file run_37.tsv (TSV, C-alpha atoms)
chain	number	residue	atom	x	y	z
A	265	MET	CA	5.61	12.80	-29.12
A	266	ALA	CA	8.41	10.27	-28.61
A	267	THR	CA	9.16	8.35	-25.41
A	268	ILE	CA	12.17	6.46	-24.07
A	269	ILE	CA	11.05	3.37	-25.99
A	270	ASP	CA	10.99	5.41	-29.21
A	271	TYR	CA	14.46	6.75	-28.41
A	272	LEU	CA	15.82	3.20	-28.29
A	273	THR	CA	14.54	2.66	-31.83
A	274	TRP	CA	15.74	6.03	-33.09
A	275	ARG	CA	19.23	6.06	-31.61
A	276	GLY	CA	19.78	2.39	-30.94
A	277	ASP	CA	22.19	1.91	-33.82
A	278	ILE	CA	24.58	4.66	-32.65
A	279	PRO	CA	27.15	3.53	-30.05
A	280	ILE	CA	27.98	5.73	-27.08
A	281	CYS	CA	31.06	7.59	-28.34
A	282	ASP	CA	32.60	11.05	-28.63
A	283	ALA	CA	30.25	11.92	-31.48
A	284	ALA	CA	27.22	10.71	-29.52
A	285	PRO	CA	28.20	10.86	-25.82
A	286	LEU	CA	26.17	9.74	-22.85
A	287	ASN	CA	23.14	12.01	-22.48
A	288	GLU	CA	20.29	12.38	-20.01
A	289	VAL	CA	18.01	9.97	-21.88
A	290	ASP	CA	20.78	7.35	-21.89
A	291	ALA	CA	21.21	7.93	-18.16
A	292	ALA	CA	17.48	7.43	-17.59
A	293	ILE	CA	17.65	4.15	-19.52
A	294	LEU	CA	20.64	2.92	-17.53
A	295	SER	CA	18.91	4.00	-14.31
A	296	ARG	CA	15.85	1.91	-15.20
A	297	PHE	CA	17.92	-1.13	-16.20
A	298	SER	CA	18.61	-2.18	-12.59
A	299	ASN	CA	14.86	-2.63	-11.99
A	300	LEU	CA	14.66	-5.62	-14.33
A	301	PRO	CA	14.40	-9.16	-12.84
A	302	PHE	CA	18.12	-10.03	-12.79
A	303	LYS	CA	17.80	-12.58	-10.02
A	304	LYS	CA	15.96	-14.92	-12.36
A	305	VAL	CA	18.91	-15.00	-14.78
A	306	TYR	CA	21.87	-17.37	-14.39
A	307	HIS	CA	24.95	-15.13	-14.28
A	308	THR	CA	28.33	-15.83	-15.82
A	309	ARG	CA	31.40	-13.63	-15.37
A	310	LYS	CA	30.96	-11.93	-18.73
A	311	GLU	CA	27.45	-10.61	-19.11
A	312	THR	CA	26.20	-7.72	-21.21
A	313	MET	CA	22.97	-5.80	-21.26
A	314	GLY	CA	22.13	-7.83	-24.36
A	315	SER	CA	22.87	-11.23	-22.80
A	316	PHE	CA	20.64	-10.41	-19.83
A	317	CYS	CA	17.86	-9.16	-22.08
A	318	LYS	CA	18.13	-12.23	-24.35
A	319	VAL	CA	17.03	-14.36	-21.40
A	320	MET	CA	14.53	-11.87	-19.96
A	321	GLN	CA	12.66	-11.53	-23.26
A	322	HIS	CA	11.18	-14.98	-22.64
A	323	TYR	CA	9.85	-14.14	-19.16
A	324	PRO	CA	6.11	-13.88	-18.56
A	325	VAL	CA	4.77	-10.37	-18.05
A	326	ASP	CA	4.15	-10.88	-14.33
A	327	GLU	CA	7.92	-11.17	-13.71
A	328	PHE	CA	8.28	-7.45	-14.47
A	329	GLN	CA	7.31	-4.39	-12.44
A	330	ILE	CA	5.84	-2.26	-15.23
A	331	ASP	CA	3.80	-3.30	-18.28
A	332	GLN	CA	6.30	-1.82	-20.74
A	333	ASP	CA	9.35	-3.50	-19.20
A	334	PRO	CA	9.15	-6.42	-21.69
A	335	GLU	CA	9.17	-3.96	-24.61
A	336	PHE	CA	12.08	-2.13	-22.96
A	337	VAL	CA	13.99	-5.43	-22.77
A	338	LYS	CA	13.28	-6.17	-26.44
A	339	LYS	CA	14.49	-2.74	-27.56
A	340	LEU	CA	17.65	-2.95	-25.43
A	341	LEU	CA	18.48	-6.31	-26.98
A	342	GLU	CA	18.11	-4.84	-30.47
A	343	SER	CA	20.11	-1.71	-29.61
A	344	GLU	CA	23.78	-1.52	-30.57
A	345	ARG	CA	24.08	1.48	-28.25
A	346	PHE	CA	23.31	-0.60	-25.16
A	347	SER	CA	23.29	-4.33	-25.86
A	348	SER	CA	27.08	-4.76	-25.93
A	349	LEU	CA	27.75	-2.87	-22.66
A	350	THR	CA	29.34	-5.12	-20.05
A	351	VAL	CA	27.35	-5.64	-16.83
A	352	THR	CA	28.97	-6.76	-13.56
A	353	ASP	CA	28.57	-6.80	-9.80
A	354	TYR	CA	24.85	-7.44	-9.59
A	355	ILE	CA	23.60	-7.60	-6.02
A	356	LYS	CA	20.17	-8.07	-4.49
A	357	ASP	CA	19.84	-7.88	-0.73
A	358	ASN	CA	16.36	-7.91	0.79
A	359	ARG	CA	16.22	-8.13	4.59
A	360	PRO	CA	12.75	-7.93	6.11
A	361	GLU	CA	14.19	-7.74	9.62
A	362	LEU	CA	15.93	-4.47	8.65
A	363	GLU	CA	13.04	-3.33	6.42
A	364	MET	CA	15.61	-3.17	3.61
A	365	GLN	CA	15.19	-3.84	-0.10
A	366	PHE	CA	18.36	-3.16	-2.08
A	367	ALA	CA	19.64	-4.07	-5.54
A	368	ALA	CA	22.25	-2.57	-7.85
A	369	VAL	CA	24.30	-3.34	-10.94
A	370	THR	CA	27.43	-1.84	-12.54
A	371	ILE	CA	27.43	-0.98	-16.25
A	372	HIS	CA	30.76	-0.47	-18.05
A	373	LEU	CA	30.68	2.36	-20.60
A	374	PRO	CA	32.85	2.39	-23.76
A	375	ASP	CA	35.19	5.11	-22.42
A	376	GLY	CA	36.08	3.03	-19.37
A	377	SER	CA	33.78	4.87	-16.95
A	378	LEU	CA	31.26	3.04	-14.78
A	379	PHE	CA	27.55	3.66	-14.31
A	380	LEU	CA	26.25	2.35	-10.98
A	381	SER	CA	22.52	1.77	-11.39
A	382	PHE	CA	20.49	1.50	-8.18
A	383	CYS	CA	17.18	-0.35	-8.21
A	384	GLY	CA	14.06	1.48	-7.09
A	385	THR	CA	11.21	0.13	-5.02
A	386	ASP	CA	10.34	-3.42	-6.03
A	387	SER	CA	6.88	-5.00	-6.18
A	388	THR	CA	6.80	-5.91	-2.48
A	389	LEU	CA	5.26	-4.08	0.47
A	390	LEU	CA	8.71	-4.21	2.10
A	391	GLY	CA	10.05	-1.88	-0.58
A	392	TRP	CA	7.22	0.61	-0.11
A	393	LYS	CA	7.62	0.55	3.67
A	394	GLU	CA	11.27	1.44	3.24
A	395	ASN	CA	10.23	4.50	1.23
A	396	LEU	CA	7.93	5.60	4.04
A	397	ASN	CA	10.73	5.16	6.58
A	398	MET	CA	12.46	8.14	4.98
A	399	SER	CA	9.81	10.36	6.60
A	400	PHE	CA	11.22	9.71	10.06
A	401	GLN	CA	14.70	8.22	9.56
A	402	ASP	CA	17.90	9.43	7.92
A	403	ASP	CA	20.36	6.81	6.66
A	404	ILE	CA	17.92	3.99	6.02
A	405	PRO	CA	19.57	0.56	5.45
A	406	ALA	CA	19.27	0.69	1.64
A	407	GLN	CA	21.07	4.04	1.56
A	408	CYS	CA	23.91	2.63	3.64
A	409	ALA	CA	24.04	-0.42	1.35
A	410	ALA	CA	24.25	1.86	-1.71
A	411	LEU	CA	27.15	3.82	-0.23
A	412	SER	CA	28.94	0.56	0.60
A	413	TYR	CA	28.33	-0.72	-2.95
A	414	ALA	CA	29.90	2.42	-4.44
A	415	ALA	CA	32.88	2.28	-2.07
A	416	LYS	CA	33.54	-1.34	-3.05
A	417	ALA	CA	33.33	-0.44	-6.76
A	418	ILE	CA	35.87	2.37	-6.33
A	419	LYS	CA	38.19	-0.05	-4.55
A	420	LYS	CA	37.62	-2.89	-7.04
A	421	TYR	CA	38.25	-0.70	-10.09
A	422	PRO	CA	41.12	1.63	-9.03
A	423	GLU	CA	41.93	2.46	-12.65
A	424	VAL	CA	38.49	4.00	-13.26
A	425	GLU	CA	38.53	7.80	-13.16
A	426	SER	CA	34.86	8.51	-13.85
A	427	PHE	CA	31.79	7.17	-12.08
A	428	TYR	CA	28.11	7.87	-12.70
A	429	PHE	CA	25.31	7.01	-10.29
A	430	GLY	CA	21.67	6.72	-11.26
A	431	GLY	CA	18.32	5.25	-10.35
A	432	HIS	CA	14.58	5.48	-10.76
A	433	SER	CA	12.24	6.12	-7.81
A	434	LYS	CA	13.99	5.12	-4.57
A	435	GLY	CA	17.00	4.23	-6.72
A	436	GLY	CA	17.38	7.92	-7.57
A	437	ASN	CA	17.44	8.78	-3.89
A	438	LEU	CA	20.11	6.11	-3.32
A	439	ALA	CA	22.20	7.58	-6.14
A	440	ALA	CA	22.05	11.09	-4.69
A	441	TYR	CA	22.65	9.84	-1.14
A	442	THR	CA	25.75	7.93	-2.27
A	443	ALA	CA	27.18	10.95	-4.05
A	444	VAL	CA	26.84	13.38	-1.14
A	445	CYS	CA	28.01	10.83	1.44
A	446	LEU	CA	31.18	9.70	-0.33
A	447	PRO	CA	34.36	10.71	1.47
A	448	GLU	CA	35.67	13.99	0.07
A	449	LYS	CA	38.75	12.33	-1.45
A	450	TYR	CA	36.52	10.32	-3.82
A	451	ARG	CA	34.01	12.97	-4.86
A	452	HIS	CA	36.11	14.13	-7.82
A	453	LEU	CA	35.54	10.71	-9.40
A	454	VAL	CA	31.78	11.28	-9.66
A	455	LYS	CA	30.96	12.96	-12.97
A	456	GLY	CA	27.19	12.71	-12.93
A	457	VAL	CA	24.31	11.65	-10.67
A	458	TYR	CA	20.85	10.96	-12.13
A	459	SER	CA	17.72	10.75	-10.00
A	460	CYS	CA	14.56	9.93	-11.95
A	461	ASP	CA	11.57	10.86	-9.77
A	462	GLY	CA	13.49	9.92	-6.63
A	463	PRO	CA	12.42	11.15	-3.17
A	464	GLY	CA	14.35	13.96	-1.50
A	465	PHE	CA	15.89	14.27	1.96
A	466	SER	CA	15.12	15.81	5.32
A	467	LYS	CA	16.17	19.39	5.99
A	468	ALA	CA	18.54	18.18	8.71
A	469	PHE	CA	20.27	15.78	6.30
A	470	ILE	CA	20.60	18.46	3.63
A	471	ALA	CA	22.14	20.90	6.12
A	472	THR	CA	25.00	18.51	6.91
A	473	HIS	CA	25.88	17.30	3.39
A	474	PRO	CA	27.50	19.01	0.35
A	475	PHE	CA	24.44	19.41	-1.89
A	476	GLU	CA	25.38	22.95	-2.92
A	477	GLU	CA	28.93	21.92	-3.78
A	478	MET	CA	27.75	18.98	-5.88
A	479	ASP	CA	24.75	20.67	-7.47
A	480	PRO	CA	26.41	20.94	-10.94
A	481	ILE	CA	26.57	17.15	-11.25
A	482	LEU	CA	23.25	16.31	-9.50
A	483	HIS	CA	20.62	15.81	-12.22
A	484	THR	CA	17.12	15.29	-10.86
A	485	TYR	CA	14.11	14.82	-13.14
A	486	LEU	CA	10.56	14.98	-11.78
A	487	PRO	CA	7.47	14.54	-13.97
A	488	SER	CA	5.07	17.47	-13.73
A	489	GLY	CA	2.60	15.48	-11.64
A	490	SER	CA	5.25	13.86	-9.46
A	491	VAL	CA	4.26	12.33	-6.13
A	492	VAL	CA	7.12	9.99	-5.22
A	493	GLY	CA	9.72	12.60	-6.15
A	494	ARG	CA	8.00	15.27	-4.06
A	495	VAL	CA	8.47	13.37	-0.80
A	496	LEU	CA	10.82	15.43	1.42
A	497	GLU	CA	13.10	18.20	0.13
A	498	HIS	CA	15.29	18.64	-2.95
A	499	ALA	CA	18.21	20.93	-2.21
A	500	GLU	CA	19.61	20.35	-5.69
A	501	THR	CA	18.25	22.05	-8.79
A	502	TYR	CA	15.73	19.78	-10.51
A	503	ASP	CA	14.03	19.71	-13.91
A	504	VAL	CA	10.30	19.17	-14.38
A	505	VAL	CA	9.60	16.92	-17.36
A	506	GLU	CA	6.55	16.19	-19.49
A	507	SER	CA	4.65	12.91	-19.48
A	508	SER	CA	2.03	11.45	-21.80
A	509	VAL	CA	-0.22	10.56	-18.84
A	510	SER	CA	-1.39	12.26	-15.65
A	511	ASN	CA	-1.13	11.99	-11.87
A	512	LEU	CA	0.44	8.91	-10.25
A	513	LEU	CA	0.86	7.18	-13.61
A	514	GLN	CA	3.63	9.68	-14.43
A	515	HIS	CA	5.97	7.77	-12.13
A	516	ASP	CA	6.29	5.30	-15.03
A	517	MET	CA	9.40	6.53	-16.88
A	518	TYR	CA	8.17	5.04	-20.15
A	519	THR	CA	5.55	7.80	-20.28
A	520	TRP	CA	8.16	10.59	-20.14
A	521	LEU	CA	8.46	12.54	-23.37
A	522	VAL	CA	11.72	12.71	-25.29
A	523	GLU	CA	12.94	15.08	-27.98
A	524	GLY	CA	16.30	14.13	-29.46
A	525	PRO	CA	18.78	13.38	-26.67
A	526	ARG	CA	16.79	15.29	-24.04
A	527	LEU	CA	13.74	14.82	-21.86
A	528	VAL	CA	11.04	17.36	-22.71
A	529	ARG	CA	10.74	20.06	-20.04
A	530	ALA	CA	7.43	21.13	-18.54
A	531	GLU	CA	6.77	24.73	-17.51
A	532	HIS	CA	5.95	23.80	-13.92
A	533	SER	CA	4.62	21.10	-11.63
A	534	THR	CA	0.88	20.46	-11.54
A	535	ASP	CA	-1.33	21.72	-8.72
A	536	GLY	CA	-1.75	18.13	-7.56
A	537	SER	CA	2.00	17.64	-7.23
A	538	GLU	CA	2.35	20.91	-5.32
A	539	ILE	CA	-0.54	20.01	-3.00
A	540	PHE	CA	1.04	16.65	-2.22
A	541	TYR	CA	4.46	18.20	-1.56
A	542	ASN	CA	3.05	20.89	0.71
A	543	SER	CA	0.85	18.36	2.54
A	544	VAL	CA	3.90	16.23	3.36
A	545	ARG	CA	5.92	19.30	4.34
A	546	HIS	CA	3.24	20.57	6.73
A	547	LEU	CA	2.69	17.10	8.18
A	548	ILE	CA	6.39	16.67	8.95
A	549	GLU	CA	6.54	20.11	10.55
A	550	GLU	CA	3.58	19.33	12.83
A	551	THR	CA	4.53	15.80	13.95
A	552	THR	CA	7.61	14.21	15.47
A	553	PRO	CA	9.66	11.43	13.81
A	554	ARG	CA	8.61	9.07	16.58
A	555	GLN	CA	4.91	9.79	16.01
A	556	ARG	CA	5.23	9.15	12.27
A	557	GLU	CA	7.22	5.98	12.90
A	558	MET	CA	4.64	4.58	15.30
A	559	VAL	CA	1.72	5.19	12.94
A	560	LEU	CA	3.51	3.84	9.85
A	561	ASP	CA	4.77	0.76	11.70
A	562	GLY	CA	1.27	0.05	12.95
A	563	VAL	CA	-0.28	0.35	9.50
A	564	TYR	CA	2.50	-1.77	7.98
A	565	THR	CA	1.92	-4.55	10.52
A	566	ILE	CA	-1.78	-4.63	9.68
A	567	VAL	CA	-1.21	-4.49	5.93
A	568	THR	CA	1.41	-7.26	5.81
A	569	ALA	CA	-0.83	-9.54	7.85
A	570	ASN	CA	-3.36	-9.39	5.01
A	571	ALA	CA	-1.28	-8.82	1.86
A	572	SER	CA	2.25	-9.35	0.55
A	573	ARG	CA	2.27	-7.10	-2.49
A	574	PRO	CA	0.75	-3.71	-3.38
A	575	ARG	CA	-1.19	-5.44	-6.17
A	576	ASP	CA	-3.02	-7.54	-3.54
A	577	ILE	CA	-4.37	-4.33	-2.02
A	578	GLN	CA	-5.09	-2.87	-5.45
A	579	GLN	CA	-7.25	-5.88	-6.31
A	580	ASP	CA	-9.22	-5.69	-3.05
A	581	PHE	CA	-8.59	-2.62	-0.89
A	582	SER	CA	-11.41	-3.66	1.44
A	583	ILE	CA	-9.28	-6.46	2.95
A	584	LEU	CA	-7.66	-3.77	5.10
A	585	LEU	CA	-10.85	-2.12	6.30
A	586	GLN	CA	-11.87	-4.44	9.12
A	587	PRO	CA	-8.30	-5.00	10.50
A	588	LEU	CA	-7.70	-1.24	10.60
A	589	TYR	CA	-11.02	-0.63	12.29
A	590	GLN	CA	-10.30	-3.35	14.85
A	591	LYS	CA	-6.90	-1.85	15.58
A	592	LEU	CA	-8.44	1.58	16.18
A	593	ARG	CA	-10.94	0.08	18.65
A	594	THR	CA	-8.36	-1.82	20.72
A	595	MET	CA	-5.31	0.44	20.83
A	596	SER	CA	-4.06	1.88	24.12
A	597	ARG	CA	-4.87	5.41	25.27
A	598	GLU	CA	-1.29	6.55	24.62
A	599	ASP	CA	-1.24	5.11	21.09
A	600	TRP	CA	-4.67	6.58	20.46
A	601	GLN	CA	-3.37	10.06	21.28
A	602	VAL	CA	-0.46	9.66	18.87
A	603	VAL	CA	-2.65	8.42	16.02
A	604	THR	CA	-5.14	11.20	16.63
A	605	THR	CA	-2.35	13.79	16.52
A	606	VAL	CA	-0.95	12.45	13.24
A	607	PHE	CA	-4.40	12.04	11.68
A	608	ARG	CA	-5.48	15.58	12.46
A	609	ALA	CA	-2.06	16.91	11.41
A	610	PHE	CA	-2.55	15.18	8.05
A	611	LEU	CA	-5.94	16.80	7.50
A	612	ASP	CA	-4.62	20.20	8.55
A	613	ALA	CA	-1.62	19.75	6.25
A	614	TYR	CA	-3.91	18.96	3.32
A	615	VAL	CA	-6.00	22.07	3.88
A	616	LEU	CA	-2.91	24.27	4.25
A	617	ALA	CA	-1.47	22.74	1.07
A	618	LEU	CA	-4.62	23.66	-0.85
A	619	ARG	CA	-4.23	27.24	0.30
A	620	ASP	CA	-0.52	27.23	-0.60
A	621	VAL	CA	-1.39	26.64	-4.26
A	622	GLY	CA	-4.20	29.15	-4.26
A	623	ARG	CA	-7.19	26.91	-3.63
A	624	SER	CA	-9.05	28.47	-0.71
A	625	LYS	CA	-12.14	26.32	-1.27
A	626	TYR	CA	-11.71	22.76	-0.04
A	627	ASP	CA	-14.12	19.84	0.24
A	628	ALA	CA	-16.79	20.14	2.91
A	629	GLU	CA	-16.10	16.52	3.77
A	630	ILE	CA	-12.49	17.34	4.67
A	631	GLN	CA	-13.68	20.11	6.97
A	632	GLU	CA	-16.18	17.70	8.50
A	633	LEU	CA	-13.37	15.24	9.21
A	634	ARG	CA	-11.25	17.94	10.82
A	635	ASP	CA	-14.09	18.92	13.15
A	636	ALA	CA	-15.20	15.39	13.99
A	637	GLU	CA	-15.44	14.58	17.70
A	638	ASN	CA	-15.54	10.82	17.12
A	639	PHE	CA	-12.12	9.92	15.75
A	640	GLN	CA	-13.10	6.35	14.86
A	641	ASP	CA	-15.97	7.50	12.69
A	642	ALA	CA	-13.81	10.14	11.03
A	643	ALA	CA	-11.03	7.64	10.35
A	644	MET	CA	-13.37	5.05	8.88
A	645	LYS	CA	-15.10	7.64	6.75
A	646	LEU	CA	-11.75	8.72	5.33
A	647	LEU	CA	-10.80	5.09	4.65
A	648	ARG	CA	-14.08	4.42	2.84
A	649	ARG	CA	-13.60	7.55	0.80
A	650	GLY	CA	-10.09	6.43	-0.10
A	651	ILE	CA	-11.34	2.99	-1.13
A	652	ALA	CA	-14.08	4.51	-3.31
A	653	THR	CA	-11.55	6.83	-4.98
A	654	TRP	CA	-9.06	3.98	-5.47
A	655	ASN	CA	-11.68	1.70	-6.99
A	656	GLY	CA	-12.96	4.47	-9.23
A	657	ARG	CA	-9.49	5.14	-10.64
A	658	ASN	CA	-8.73	1.46	-11.19
A	659	ASN	CA	-12.05	0.87	-12.96
A	660	ALA	CA	-11.72	3.95	-15.15

call {"tool": "encode", "arguments": {"input": "run_37.tsv", "output": "structure tokens"}}
result
Amino acid sequence: MATIIDYLTWRGDIPICDAAPLNEVDAAILSRFSNLPFKKVYHTRKETMGSFCKVMQHYPVDEFQIDQDPEFVKKLLESERFSSLTVTDYIKDNRPELEMQFAAVTIHLPDGSLFLSFCGTDSTLLGWKENLNMSFQDDIPAQCAALSYAAKAIKKYPEVESFYFGGHSKGGNLAAYTAVCLPEKYRHLVKGVYSCDGPGFSKAFIATHPFEEMDPILHTYLPSGSVVGRVLEHAETYDVVESSVSNLLQHDMYTWLVEGPRLVRAEHSTDGSEIFYNSVRHLIEETTPRQREMVLDGVYTIVTANASRPRDIQQDFSILLQPLYQKLRTMSREDWQVVTTVFRAFLDAYVLALRDVGRSKYDAEIQELRDAENFQDAAMKLLRRGIATWNGRNNA
């Protein structure tokens, strides 16, 4: 079945117009566009999607986040539907001291409306840490930056009556956050918000923002095996879509299936996606934000001392084993109690999540870890198991 890349070939010669208006596949494409390596391109005042892609098509593969990004760039350049669209207001703002990674770009549609595309997590550990911060912090710096970006666009283009927000991964979360946090007097300008496998929000955040009111224009798409998009809660209605691959690989939008101008719907999420969602939900219910923050900050400090990118860990996961073990041996009694609480809460959450989806039989090894008296041994055993699983998947 067709994918987004196929769609660009099939409908690339038809401009966005009344006869072929902006659809959800177009929105997914525009949402992904902001994840391309814009910073490497010299910008003039009058750029288009095509002019950016003309330069990017000569970049080596390692400049891109996903293997199919170069093909995506090639198809966009060849596409009359997208290549002539004006692109302005690119911004990239990474601040390690704030644990913030933010980028966005504004795309001008033929009818005069604007599509604000928010970049998702980049290829740095900083970007992934920012995602994890959502588990204990509302209003992370990138979300505030996204809201500020939208407010500036509304002020800069006062004649524009229709705005769309979109993004892939964390970018989808930024798009939704911006929409529900805009001052009420501007909300009527937002005609559509597109989150492609973006994380959700805490229950407290949802309770104090107009998700129900804005539900008709909030379009969230999660692949059936979603992991990233199942972090935290989605108050808005979301659609489960089909992918040509399984598990974590479904986060790659180029694997999502397309039929005509629509993403193909799946009947339901996979058991694995439900187990992950319920594990996170139980973990958050059983631990405090401060406990989660302390553990994540500690792990991040260790990881960044030994790697700068997720691919460094992917190539050799074992580089983290000894530093983590050393940290466990030397931490204070108070920190030890916190880590133990979070660790056991995680294992309990996993077991409860298995039961939530109807799997009453769980691995004997998990039960052994839950009952372990020696926390160091249990932690190291879990790490070794994770490394073996990771290596097995990467070598498959």

call {"tool": "atom_distance", "arguments": {"input": "run_37.tsv", "atom1": "atom CA of Ala406 of chain A", "atom2": "atom CA of Ala439 of chain A"}}
result
10.8 Å

call {"tool": "closest_residue", "arguments": {"input": "run_37.tsv", "among": "A:Phe540, A:Phe297, A:Phe379, A:Phe427", "to": "Val454 of chain A", "atoms": "all atoms listed in the file"}}
result
A:Phe427

call {"tool": "atom_distance", "arguments": {"input": "run_37.tsv", "atom1": "atom CA of Gly493 of chain A", "atom2": "atom CA of Pro463 of chain A"}}
result
4.3 Å

call {"tool": "atom_distance", "arguments": {"input": "run_37.tsv", "atom1": "atom CA of Asp357 of chain A", "atom2": "atom CA of Tyr485 of chain A"}}
result
26.5 Å

call {"tool": "closest_atom_pairs", "arguments": {"input": "run_37.tsv", "of": "segment 389-489 of chain A", "to": "segment 347-352 of chain A", "cutoff": "12 Å", "atoms": "all atoms listed in the file", "output": "CSV"}}
result
residue,atom,partner,partner_atom,distance
A:Ala417,CA,A:Thr352,CA,10.3
A:Lys420,CA,A:Thr352,CA,11.5
A:Tyr421,CA,A:Thr352,CA,11.6

call {"tool": "closest_atom_pairs", "arguments": {"input": "run_37.tsv", "of": "segment 288-351 of chain A", "to": "segment 431-438 of chain A", "cutoff": "10 Å", "atoms": "all atoms listed in the file", "output": "JSON lines"}}
result
{"residue": "A:Ala291", "atom": "CA", "partner": "A:Gly431", "partner_atom": "CA", "distance": 8.7}
{"residue": "A:Ala292", "atom": "CA", "partner": "A:Gly431", "partner_atom": "CA", "distance": 7.6}
{"residue": "A:Ile293", "atom": "CA", "partner": "A:Gly431", "partner_atom": "CA", "distance": 9.3}
{"residue": "A:Leu294", "atom": "CA", "partner": "A:Gly431", "partner_atom": "CA", "distance": 7.9}
{"residue": "A:Ser295", "atom": "CA", "partner": "A:Gly431", "partner_atom": "CA", "distance": 4.2}
{"residue": "A:Arg296", "atom": "CA", "partner": "A:His432", "partner_atom": "CA", "distance": 5.8}
{"residue": "A:Phe297", "atom": "CA", "partner": "A:Gly431", "partner_atom": "CA", "distance": 8.7}
{"residue": "A:Ser298", "atom": "CA", "partner": "A:Gly431", "partner_atom": "CA", "distance": 7.8}
{"residue": "A:Asn299", "atom": "CA", "partner": "A:His432", "partner_atom": "CA", "distance": 8.2}

call {"tool": "closest_residue", "arguments": {"input": "run_37.tsv", "among": "A:Thr273, A:Thr501, A:Ser466, A:Ser315", "to": "Phe400 of chain A", "atoms": "all atoms listed in the file"}}
result
A:Ser466

call {"tool": "residues_around", "arguments": {"input": "run_37.tsv", "residues": "Pro447 of chain A", "least_positions_apart": "5", "cutoff": "12 Å", "atoms": "only C-alpha atoms", "output": "PDB file with C-alpha atoms, in the frame of the given file"}}
result
ATOM      1  CA  LEU A 411      27.150   3.820  -0.230  1.00  0.00           C
ATOM      2  CA  SER A 412      28.940   0.560   0.600  1.00  0.00           C
ATOM      3  CA  ALA A 414      29.900   2.420  -4.440  1.00  0.00           C
ATOM      4  CA  ALA A 415      32.880   2.280  -2.070  1.00  0.00           C
ATOM      5  CA  ILE A 418      35.870   2.370  -6.330  1.00  0.00           C
ATOM      6  CA  THR A 442      25.750   7.930  -2.270  1.00  0.00           C
ATOM      7  CA  HIS A 452      36.110  14.130  -7.820  1.00  0.00           C
ATOM      8  CA  LEU A 453      35.540  10.710  -9.400  1.00  0.00           C
ATOM      9  CA  VAL A 454      31.780  11.280  -9.660  1.00  0.00           C
ATOM     10  CA  HIS A 473      25.880  17.300   3.390  1.00  0.00           C
ATOM     11  CA  PRO A 474      27.500  19.010   0.350  1.00  0.00           C
TER      12      PRO A 474
END

call {"tool": "closest_residue", "arguments": {"input": "run_37.tsv", "among": "A:Arg494, A:Ile539, A:Leu512, A:Gly524", "to": "Ser399 of chain A", "atoms": "only C-alpha atoms"}}
result
A:Arg494

call {"tool": "axis_aligned_box", "arguments": {"input": "run_37.tsv", "around": "segment 341-352 of chain A", "padding_each_side": "3 Å", "output": "AutoDock Vina command-line options"}}
result
--center_x 23.7 --center_y -2.6 --center_z -22.1 --size_x 17.2 --size_y 14.2 --size_z 23.0
